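**Q** First, the structure itself, so that you have it in front of you.
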Amino acid sequence: KHCVKFYKTFDGTDWGDTTDFVVDDGSTVIAPTITKTGYTHKGWVTIKPSLTVYGVEYDTTQINALTIDQDYTFYPIVYFLYS
């Protein structure tokens, strides 16, 4: 069995609101949909985003096809939509 956690919110200090899965080795999961007014979701990273860690590691399609063979924690990467 493996644990897969998706963080969905960040309040400027702490990550919160998670979707958690416990799955058998070799299973897949469906990544949650991220919506935030004024922002677009670009993908996911496995290390907490920071000023130096903000590039997308996985897009949602890649996660949905990922064979789970270990525990994972995913953090969303969202970008402000400029008008």
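Ligands are numbered from 1 in the order shown, chains are lettered A, B, ... in the order of the structure tokens, and residues start at 1 in each chain.
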List every residue of chain A that DSSP, applied to the backbone, labels as strand (DSSP E), and write the result as a PyMOL selection string.
**A** chain A and resi 2-10+15-23+39-45+72-80
**Q** DSSP says alpha helix (DSSP H) for which residues of chain A? Put them as a PyMOL selection string?
**A** chain A and resi 60-65
**Q** Could you list, as a VMD selection string, every residue within 12 Å of Tyr39 of chain A, counting only C-alpha atoms and ignoring same-chain residues fewer than 2 positions away?
**A** chain A and resid 34 to 37 41 to 42 76 to 83
**Q** Just write the chosen residues, C-alpha atoms, as a tab-separated table (two decimals), in the first residue's frame.
**A**
chain	number	residue	atom	x	y	z
A	34	ILE	CA	-7.50	22.85	-8.72
A	35	THR	CA	-9.53	26.03	-9.16
A	36	LYS	CA	-8.62	29.43	-7.79
A	37	THR	CA	-10.22	32.61	-9.08
A	41	HIS	CA	-3.30	25.56	-12.51
A	42	LYS	CA	-0.15	24.58	-14.41
A	76	PRO	CA	-0.03	22.52	-7.07
A	77	ILE	CA	1.68	25.15	-9.19
A	78	VAL	CA	-0.70	28.01	-10.01
A	79	TYR	CA	-0.02	31.22	-11.90
A	80	PHE	CA	-1.79	34.56	-11.68
A	81	LEU	CA	-3.74	35.38	-14.85
A	82	TYR	CA	-2.65	38.77	-16.16
A	83	SER	CA	-5.32	40.90	-17.81
**Q** Which is closer to Ala31 of chain A than all the others in A:Trp15, A:Tyr54, A:Phe10, A:Phe74, using only C-alpha atoms?
**A**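 Counting only C-alpha atoms, the residue closest to Ala31 of chain A is A:Phe74.
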**Q** Restricting the calculation to only C-alpha atoms: of A:Thr28, A:Thr18, A:Thr67, A:Thr73, which residue gets closest to Ile47 of chain A?
**A**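 Of all the options, A:Thr73 lies closest to Ile47 of chain A.
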**Q** Which residue gives the smallest distance to Gly26 of chain A among A:Ile68, A:Thr40, A:Lys48, A:Tyr75, with only C-alpha atoms counted?
**A**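 Of the candidates, the smallest distance to Gly26 of chain A is held by A:Ile68.
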**Q** Would you kindly return, as a PyMOL selection string, each protein, DNA or RNA residue with an atom no farther than 9 Å from any atom of Glu57 of chain A, considering only C-alpha atoms and excluding same-chain residues fewer than 3 positions away?
**A** chain A and resi 43-46+54
**Q** As an exercise, work out the distance from atom CA of Thr19 of chain A to atom CA of Tyr72 of chain A in Å and give it to one decimal place.
**A**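 That distance, rounded to one decimal, is 11.9 Å.
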**Q** Excluding Asp20 of chain A and residues on its chain fewer than 4 positions from it, collect all residues at most 8 Å away from it, counting only C-alpha atoms, and give them as a ChimeraX atom specification.
**A** /A:3-6
**Q** Those same residues - N, CA and C atoms - I'd like them written as a compact mmCIF listing (two decimals), in the first residue's frame.
**A**
# COMPACT_ATOMS: atom_id res chain seq x y z
N CYS A 3 0.64 5.77 0.15
CA CYS A 3 -0.14 6.98 0.42
C CYS A 3 0.19 8.02 -0.65
N VAL A 4 -0.83 8.63 -1.21
CA VAL A 4 -0.67 9.70 -2.19
C VAL A 4 -1.48 10.88 -1.69
N LYS A 5 -0.82 12.02 -1.48
CA LYS A 5 -1.46 13.21 -0.94
C LYS A 5 -1.33 14.36 -1.94
N PHE A 6 -2.44 15.04 -2.17
CA PHE A 6 -2.47 16.23 -3.01
C PHE A 6 -2.88 17.41 -2.15
**Q** Just the number, please: distance in Å from atom CA of Thr61 of chain A to atom CA of Thr13 of chain A, one decimal.
**A** 28.4 Å
